[in-house]
Amino acid sequence: MTNPEPTQKRPSLKELLASGDLISPEELAAALKIARVTAYQWVRRGAIPHLKIEGVVRFDPQEVEAWLESKRRSGAIPPPGPGKEAKPGGRGGQHNKCCPG
């Protein structure tokens, strides 16, 4: 009987940035704490900077960080609070239809 392998810690966006490597949609989703399908939806809409290499989607972590920062500056993403990371695409639990402003 073999011992189960310990679960691998998912890298944070800062760790991915430090590596300098292109990242997959799965890695982006894990780092931003979003669903993988959301990352692909953003790609399809052209909402996030990405590369397609022979049909394979990859992200440059530095471009993603710049994109996130521009979203924060525009108010689309609230700045992260102490001990919290921003959640791209989130609206803090509010939406325009029934909960204005």
# chains A, B, ... in the order shown; residues from 1 in each chain; ligands from 1
>>> residues_around(residues="stretch 26-31 of chain A", least_positions_apart="4", cutoff="10 Å", atoms="only C-alpha atoms", output="MDAnalysis selection string")
chainID A and resid 10:16 22 35:40 58:61 64 85
>>> select_by_dssp(residues="stretch 27-83 of chain A", states="alpha helix (DSSP H)", output="JSON, numbers by chain")
{"A": [27, 28, 29, 30, 31, 32, 36, 37, 38, 39, 40, 41, 42, 43, 44, 45, 61, 62, 63, 64, 65, 66, 67, 68, 69, 70, 71, 72, 73, 74]}
